[in-house]
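**Student:** See entry.csv below, with CSV, C-alpha atoms.
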chain,number,residue,atom,x,y,z
A,1,MET,CA,0.0,0.0,0.0
A,2,PRO,CA,1.5,3.4,-1.0
A,3,SER,CA,2.3,5.9,1.7
A,4,THR,CA,0.5,9.3,1.7
A,5,PHE,CA,3.7,10.9,0.3
A,6,GLU,CA,3.7,8.4,-2.6
A,7,GLU,CA,0.0,9.1,-3.2
A,8,LEU,CA,0.8,12.8,-3.3
A,9,CYS,CA,3.6,12.3,-5.8
A,10,GLU,CA,1.3,10.1,-8.0
A,11,GLN,CA,-1.3,12.8,-8.0
A,12,ARG,CA,1.3,15.4,-9.0
A,13,GLN,CA,2.7,12.9,-11.6
A,14,VAL,CA,6.3,13.0,-10.1
A,15,ASN,CA,8.6,10.1,-9.2
A,16,SER,CA,8.5,9.7,-5.4
A,17,ASP,CA,12.1,8.5,-5.1
A,18,GLU,CA,13.4,11.4,-7.3
A,19,TRP,CA,11.3,13.9,-5.3
A,20,ARG,CA,12.6,12.6,-2.0
A,21,LYS,CA,16.2,13.0,-3.2
A,22,SER,CA,15.4,16.5,-4.5
A,23,LEU,CA,14.0,17.6,-1.2
A,24,SER,CA,17.0,16.3,0.7
A,25,THR,CA,19.3,18.4,-1.5
A,26,PRO,CA,19.8,22.1,-0.5
A,27,ILE,CA,19.5,24.9,-2.9
A,28,LEU,CA,23.1,25.8,-3.6
A,29,PRO,CA,24.1,29.4,-4.3
A,30,GLU,CA,25.7,30.2,-7.6
A,31,LYS,CA,28.8,31.5,-5.7
A,32,CYS,CA,30.1,32.0,-2.2
A,33,LEU,CA,27.7,33.9,0.0
A,34,LEU,CA,30.5,36.2,1.1
A,35,ASP,CA,31.0,37.3,-2.5
A,36,MET,CA,27.3,38.1,-3.1
A,37,THR,CA,25.8,41.5,-3.3
A,38,ASP,CA,22.9,42.3,-1.1
A,39,ARG,CA,20.5,41.9,-4.0
A,40,GLU,CA,22.0,38.5,-4.8
A,41,LEU,CA,21.8,37.4,-1.2
A,42,GLU,CA,18.1,38.4,-1.1
A,43,ALA,CA,17.4,36.5,-4.3
A,44,HIS,CA,19.1,33.4,-2.9
A,45,TYR,CA,17.3,33.5,0.4
A,46,SER,CA,14.0,34.1,-1.4
A,47,ARG,CA,14.5,30.9,-3.4
A,48,VAL,CA,15.2,29.0,-0.3
A,49,GLU,CA,12.2,30.4,1.5
A,50,ASP,CA,9.9,29.8,-1.5
A,51,ARG,CA,10.8,26.1,-1.7
A,52,ALA,CA,10.5,25.7,2.1
A,53,ASP,CA,7.0,27.2,2.0
A,54,SER,CA,5.8,25.3,-1.1
A,55,THR,CA,7.0,21.9,0.3
A,56,LYS,CA,5.7,22.0,3.9
A,57,GLU,CA,3.3,19.2,3.2
A,58,ASP,CA,5.8,17.1,1.3
A,59,ARG,CA,8.4,17.3,4.1
A,60,ALA,CA,5.9,16.5,6.8
A,61,LEU,CA,4.6,13.5,4.9
A,62,ILE,CA,8.2,12.2,4.4
A,63,ILE,CA,8.7,12.4,8.2
A,64,LEU,CA,5.4,10.6,8.8
A,65,GLU,CA,6.4,7.9,6.2
A,66,ARG,CA,9.6,7.2,8.1
A,67,ALA,CA,8.3,7.4,11.7
A,68,GLN,CA,8.3,4.1,13.5
A,69,GLU,CA,9.1,2.3,10.2
A,70,GLY,CA,5.6,3.3,8.9
A,71,ARG,CA,3.6,2.2,11.9
A,72,LEU,CA,2.6,5.8,12.9
A,73,GLU,CA,1.2,6.4,9.4
A,74,ARG,CA,-0.7,3.2,9.4
A,75,GLN,CA,-2.2,3.9,12.9
A,76,ALA,CA,-3.1,7.5,11.8
A,77,GLY,CA,-4.9,6.2,8.8
A,78,LYS,CA,-6.9,3.7,10.7
A,79,LEU,CA,-7.8,6.3,13.3
A,80,PHE,CA,-9.1,8.7,10.6
A,81,LEU,CA,-11.3,6.0,9.2
A,82,GLN,CA,-12.8,5.4,12.7
A,83,SER,CA,-13.3,9.1,13.4
A,84,ALA,CA,-14.3,10.7,10.1
A,85,LYS,CA,-17.7,11.6,8.9
A,86,ASP,CA,-18.1,12.1,5.2
A,87,ASP,CA,-14.3,11.7,4.8
A,88,LYS,CA,-13.7,14.7,7.1
A,89,ILE,CA,-12.8,15.3,10.7
A,90,CYS,CA,-13.2,18.6,12.7
A,91,ALA,CA,-10.5,20.5,14.5
A,92,ASP,CA,-12.0,19.8,17.9
A,93,GLN,CA,-11.4,16.0,17.3
A,94,VAL,CA,-7.6,16.5,16.7
A,95,PRO,CA,-6.4,16.7,20.3
A,96,GLU,CA,-8.1,13.4,21.3
A,97,MET,CA,-6.9,11.7,18.1
A,98,LEU,CA,-3.3,12.8,18.6
A,99,GLU,CA,-3.6,11.5,22.2
A,100,ALA,CA,-4.8,8.2,20.8
A,101,LEU,CA,-1.5,8.1,18.8
A,102,ARG,CA,0.3,8.5,22.1
A,103,PHE,CA,1.4,12.1,21.6
A,104,GLU,CA,1.5,14.1,24.8
A,105,LEU,CA,0.7,17.7,23.8
A,106,SER,CA,0.1,21.0,25.6
A,107,ASN,CA,-2.6,23.4,24.4
A,108,THR,CA,0.1,25.6,22.9
A,109,GLU,CA,1.5,22.7,20.8
A,110,VAL,CA,-2.0,21.8,19.6
A,111,HIS,CA,-2.6,25.5,18.7
A,112,PHE,CA,0.7,25.6,16.8
A,113,LEU,CA,-0.3,22.6,14.7
A,114,LEU,CA,-3.9,23.7,14.1
A,115,ARG,CA,-2.8,27.2,13.1
A,116,LYS,CA,-1.1,25.6,10.1
A,117,PHE,CA,-4.5,24.6,8.8
A,118,ASN,CA,-6.3,27.9,9.6
A,119,ALA,CA,-8.1,26.3,12.5
A,120,THR,CA,-7.3,28.9,15.1
A,121,GLU,CA,-8.2,32.5,15.8
A,122,ASP,CA,-6.0,34.4,18.2
A,123,PHE,CA,-5.5,31.9,21.1
A,124,ASP,CA,-8.7,30.0,20.3
A,125,MET,CA,-9.5,26.9,18.3
A,126,VAL,CA,-12.0,27.1,15.5
A,127,PRO,CA,-13.6,23.8,16.3
A,128,GLU,CA,-15.8,23.4,13.2
A,129,THR,CA,-12.8,23.7,10.8
A,130,GLU,CA,-12.8,20.5,8.7
A,131,LEU,CA,-9.7,18.5,7.7
A,132,SER,CA,-9.4,15.9,5.0
A,133,ARG,CA,-7.6,12.6,5.4
A,134,ARG,CA,-4.5,14.1,3.7
A,135,GLN,CA,-4.6,17.1,5.9
A,136,TRP,CA,-4.8,14.9,8.9
A,137,MET,CA,-1.8,12.9,7.8
A,138,TRP,CA,0.1,16.1,7.1
A,139,LEU,CA,-0.8,17.3,10.6
A,140,VAL,CA,0.5,14.1,12.2
A,141,GLY,CA,3.7,14.5,10.3
A,142,GLU,CA,4.0,18.1,11.6
A,143,CYS,CA,3.4,16.8,15.1
A,144,GLN,CA,6.2,14.3,14.7
A,145,MET,CA,8.5,17.0,13.4
A,146,LEU,CA,7.7,19.2,16.3
A,147,LYS,CA,8.5,16.4,18.8
A,148,ASP,CA,11.7,15.6,17.0
A,149,SER,CA,12.8,19.2,17.2
A,150,TYR,CA,12.9,19.0,21.0
A,151,ARG,CA,16.2,17.0,20.7
A,152,HIS,CA,17.7,20.4,19.8
A,153,ILE,CA,15.6,23.1,21.4
A,154,ASN,CA,13.9,23.6,24.8
A,155,PRO,CA,10.2,23.0,24.7
A,156,GLU,CA,9.4,25.6,27.3
A,157,ALA,CA,11.3,28.2,25.4
A,158,PHE,CA,9.4,27.4,22.2
A,159,GLU,CA,6.1,27.7,23.9
A,160,ILE,CA,6.9,31.0,25.6
A,161,ALA,CA,8.1,32.5,22.3
A,162,TYR,CA,5.2,31.1,20.3
A,163,GLU,CA,2.6,32.5,22.7
A,164,ALA,CA,4.4,35.8,22.7
A,165,MET,CA,4.2,35.9,18.9
A,166,ILE,CA,0.5,35.2,18.9
A,167,SER,CA,0.0,37.9,21.5
A,168,ARG,CA,2.0,40.4,19.5
A,169,GLN,CA,0.1,39.7,16.3
A,170,LYS,CA,-3.2,40.1,18.1
A,171,ALA,CA,-2.0,43.4,19.7
A,172,ASP,CA,-0.8,44.7,16.4
A,173,ARG,CA,-4.1,43.8,14.6
A,174,ASP,CA,-6.5,45.1,17.3
A,175,PRO,CA,-6.8,48.9,17.8
A,176,PRO,CA,-5.8,50.0,21.3
A,177,PRO,CA,-8.5,51.3,23.6
A,178,ALA,CA,-9.3,55.0,23.6
A,179,GLY,CA,-6.6,57.0,25.4
A,180,ALA,CA,-4.2,54.1,25.4
A,181,ALA,CA,-1.5,56.3,23.7
A,182,ASP,CA,-1.3,58.4,26.8
A,183,TRP,CA,-0.9,55.4,29.2
A,184,PRO,CA,2.6,55.2,30.7
A,185,ASN,CA,4.8,52.2,29.8
A,186,LEU,CA,2.2,50.7,27.5
A,187,HIS,CA,4.8,49.6,25.0
A,188,LYS,CA,7.5,48.9,27.5
A,189,GLY,CA,9.6,45.9,26.4
A,190,ARG,CA,8.3,45.8,22.8
A,191,ALA,CA,11.3,47.4,21.2
A,192,GLY,CA,13.3,45.5,18.6
A,193,PRO,CA,12.3,43.4,15.6
A,194,ALA,CA,9.1,41.4,15.8
A,195,LEU,CA,8.5,37.8,14.6
A,196,ARG,CA,6.7,38.3,11.3
A,197,PRO,CA,4.1,35.9,10.0
A,198,GLN,CA,6.2,35.2,6.9
A,199,SER,CA,9.0,33.9,9.2
A,200,TRP,CA,6.9,30.8,9.7
A,201,GLY,CA,7.3,29.9,6.0
A,202,LEU,CA,10.8,28.7,6.8
A,203,PRO,CA,11.6,25.0,7.5
A,204,PRO,CA,10.3,24.0,11.0
A,205,GLU,CA,13.9,23.5,12.3
A,206,VAL,CA,14.7,27.1,11.4
A,207,GLU,CA,11.4,28.4,12.8
A,208,LEU,CA,12.0,26.7,16.1
A,209,GLU,CA,15.7,27.8,16.3
A,210,MET,CA,14.5,31.4,15.8
A,211,LEU,CA,12.1,31.0,18.6
A,212,ARG,CA,14.8,29.6,20.9
A,213,GLN,CA,17.0,32.5,20.2
A,214,VAL,CA,14.2,35.0,20.8
A,215,ALA,CA,13.3,33.3,24.1
A,216,ALA,CA,17.0,33.2,25.2
A,217,THR,CA,17.4,36.9,24.4
A,218,ALA,CA,14.3,37.8,26.4
A,219,THR,CA,15.4,35.7,29.4
A,220,ASN,CA,18.9,37.2,29.4
A,221,ALA,CA,17.5,40.7,29.2
A,222,ALA,CA,15.1,40.0,32.1
A,223,MET,CA,17.9,38.7,34.2
A,224,ALA,CA,20.1,41.7,33.4
A,225,ALA,CA,17.3,44.1,34.3
A,226,GLY,CA,16.6,42.3,37.6
A,227,ALA,CA,20.3,42.0,38.7
A,228,SER,CA,21.2,44.1,41.7
A,229,PRO,CA,24.2,46.5,41.3
A,230,HIS,CA,27.4,45.6,43.1
Could you rewrite the structure in this file as structure tokens?

**Tutor:**
Amino acid sequence: MPSTFEELCEQRQVNSDEWRKSLSTPILPEKCLLDMTDRELEAHYSRVEDRADSTKEDRALIILERAQEGRLERQAGKLFLQSAKDDKICADQVPEMLEALRFELSNTEVHFLLRKFNATEDFDMVPETELSRRQWMWLVGECQMLKDSYRHINPEAFEIAYEAMISRQKADRDPPPAGAADWPNLHKGRAGPALRPQSWGLPPEVELEMLRQVAATATNAAMAAGASPH
């Protein structure tokens, strides 16, 4: 029985083995990065980001295909058949289904996964959002990728930075209350570059490393601000 990744390749009329190999090969610059102009660097990084953004599903399905020698994918497929109505599941079924696959997830981790499928609004889940079988398999692959990333980054730091990003996006989108511009210290601590939505088009490993660095910077700044003078 073909994997979900192989089904995707068949639908796109591409060879699955060749596409796996292509995805594992980085986009090489035409010359040394140090020798590039700013415009050439921007063009190169744009190509890298574009491929990362356009192959999110592909990479997640490859991870799913490999996980537990294919057992995770088979279990996820059976679980979908048991849970789906009219070949769809709803977002509010996802936490319980992931738990059935023996994933231990916080609410923040579930939000991170559902947000990739437009199933969240601010900090809330949009429970009626429907997912197809392929989207479900993609989500399980993303979940495995997230858990694998914890070999390299701190889960607590990821959650803190992710929640801060959602809060910032909500604050930037919603108008402040009347008179807020006159409140003292309203924007205290918000200086510096923000995490932009497009940052999340990067490969998950890069996204999470960015979050780790942001969290570490915030922690160090807080410690420095709270230190007593000698």

**Student:** For a test of reading the model, state the distance in Å between CA of Asn107 (chain A) and CA of Met125 (chain A), rounded to one decimal.

**Tutor:**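 CA of Met125 (chain A) lies at a distance of 9.9 Å from CA of Asn107 (chain A).
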
**Student:** Dump as a ChimeraX atom specification all residues having an atom at most 12 Å from (7.1, 10.6, 10.6), computed in the file's coordinates with all atoms listed in the file.

**Tutor:** /A:3-5,57-76,137-148

**Student:** Counting only C-alpha atoms, which of A:Asn154, A:Gln93, A:Gln13, A:Ser46 gets nearest to Glu128 (chain A)?

**Tutor:** A:Gln93

**Student:** Could you tell me which of A:Met1, A:Lys88, A:Pro26, A:Lys116 comes closest to Glu49 (chain A) if we count only C-alpha atoms?

**Tutor:**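 Once distances to Glu49 (chain A) are computed over only C-alpha atoms, the minimum belongs to A:Pro26.
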
**Student:** Can you measure CA of Trp136 (chain A) to CA of Leu113 (chain A) for me? One decimal in Å is fine.

**Tutor:**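 A separation of 10.6 Å between them.
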
**Student:** Tell me, in Å to one decimal, how far CA of Ser132 (chain A) is from CA of Leu23 (chain A).

**Tutor:**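 Calculated distance between CA of Ser132 (chain A) and CA of Leu23 (chain A) is 24.3 Å.
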
**Student:** Got a sec: who's within 9 Å of Ser167 (chain A), counting all atoms listed in the file, leaving out chain neighbours fewer than 5 positions off, as a PyMOL selection string?

**Tutor:** chain A and resi 122-123+162+172

**Student:** Out of A:Gln135, A:Glu121, A:Pro175, A:Thr108, which residue has the shortest atom-to-atom distance to Ile160 (chain A) when counting all atoms listed in the file?

**Tutor:**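 Answer, going by the shortest atom-to-atom distance: A:Thr108.
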
**Student:** Which is closer to Arg133 (chain A) than all the others in A:Thr55, A:Ser83, A:Ser106, A:Thr37, using all atoms listed in the file?

**Tutor:**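 Among the listed residues, A:Ser83 lies closest to Arg133 (chain A).
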
**Student:** Set the distance at 9 Å and use all atoms listed in the file: which residues neighbour Glu6 (chain A) once local chain neighbours fewer than 6 positions away are removed? I'd like the list as a PyMOL selection string.

**Tutor:** chain A and resi 15-17

**Student:** Using all atoms listed in the file, can you tell me which of A:Glu109, A:Asp87, A:Glu7, A:Asp92 comes closest to Thr129 (chain A)?

**Tutor:**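 Looking only at the distances to Thr129 (chain A), the closest residue turns out to be A:Asp92.
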